[in-house]
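Undergrad: Below is one structure. I have some questions about it.
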Amino acid sequence: MTAAAGEPPATGEPRLVILVPLFNDWAVASLMLAELDGVLARHGLDAHVVLVDDGSTEPRPAAFPARPLPALRGLEVLSLRRNLGHQRAIAIGLAFVHAERPCDAVAVMDGDGEDAPADVPRLLAKYREHGGERIVFAARTRRSESLTFRVGYQAFKVVHRILIGLPVKVGNFSVVPRRLLDRLVVISELWNHYAAAVIKARLPHETIDTSRGPRLAGRSSMNLVSMVVHGLSAMAVYGEIIGVRLLCTMLVLIALAGGVFAALILVPPLTGVQVPLSAALTAGTLLVILAQAVLMAFVFVFIVLGARPGFTFLPIRDFRFFVGEVVALDREPAA
């Protein structure tokens, strides 16, 4: 018999809630839950699963889940009042679990199978290894997406490293200890990007190497626009860092351009060597453009820093505005 929700399982394993955001992917989520249930059963684990329905336009099938899930202590759907996007669904889900579902740890994973259920016990093993004191992320060593996605992702990693100075190593797939969940739900940047918020807030974390699995069925709803928005959301968490780095770069460039312009002006009277007028005009124009860029960088930095005292979204405070209904599902549907 599995433990009741909120009670420790008989094995002494941590009380685990698994948080799964989804949008319309009911069929593939059913396959993922069946696979997850098998993995948990083989490892003597159980968990309470919260599916965050991110304003799906397709209704949940009547036969969902499609098969019994005996390794789950509970299964429920948290429906959002509107579609908010993957990262914000995670933010609301984490705040909901913190407030409403007592647990020792929360696992965050996608519902399409690309976050392999077989890696959940590995994440938990790393979690136990560190005494439940660190967030454990799955670091991708191999990806299964299309060539176009992989090329775009590599470009994003390069731009991210240049603008922020930090590598991109992890995504959403992770285990969060309750003690750090208490800290995570007061980080407003969680509204933009979960992993970036953890790293920026300097919450202690570790990684394990994993391979991203294939999607269990169907096609992803993520398109070019959503991929770009996702990448920009991650970088927006580091707005002040990007602003300062751009400002410093512009100051260096304007100093170099100023030196070149001064040299072009001073060379003729000092050496008698004639400098083409077009060269001086080009240097002067570049100097003016860089001066405007420096001014814009200053304004950007001050806007970002000025916004820091205000919390437009605080997960622990505001998540309830977006929660519609919470429906407990039968883990043993009729045949």
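Ligands are numbered from 1 in the order shown, residues from 1 within each chain, and chains are lettered A, B, ... in the order they appear in the structure tokens.
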Applying 7 Å and only C-alpha atoms, which residues near stretch 31-48 of chain A remain after dropping the ones on its own chain fewer than 5 positions away? List them as an MDAnalysis selection string.
TA: chainID A and resid 5 15:18 69 71:75 111:113 117:118
Undergrad: If I take atom CA of A:Phe321 and atom CA of A:His86, how far is one from the other in Å, to one decimal?
TA: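 According to the coordinates, atom CA of A:Phe321 and atom CA of A:His86 are separated by 17.1 Å.
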Undergrad: Once DSSP has gone over the backbone, tell me which residues of stretch 111-288 of chain A are in alpha helix (DSSP H), as an NGL selection string.
TA: :A and (120-129 or 147-164 or 178-184 or 194-200 or 224-236 or 239-271 or 277-288)
Undergrad: At a cut-off of 10 Å, using only C-alpha atoms, what residues contact A:Val260? Leave out same-chain residues fewer than 3 positions from it and give the result as number ranges by chain.
TA: A: 254-257, 263-266, 279-280, 283-284, 287
Undergrad: With distances taken over only C-alpha atoms, which residue among A:Val252, A:Leu51, A:Leu80, A:Ala66 lies nearest A:Val323?
TA: A:Leu80
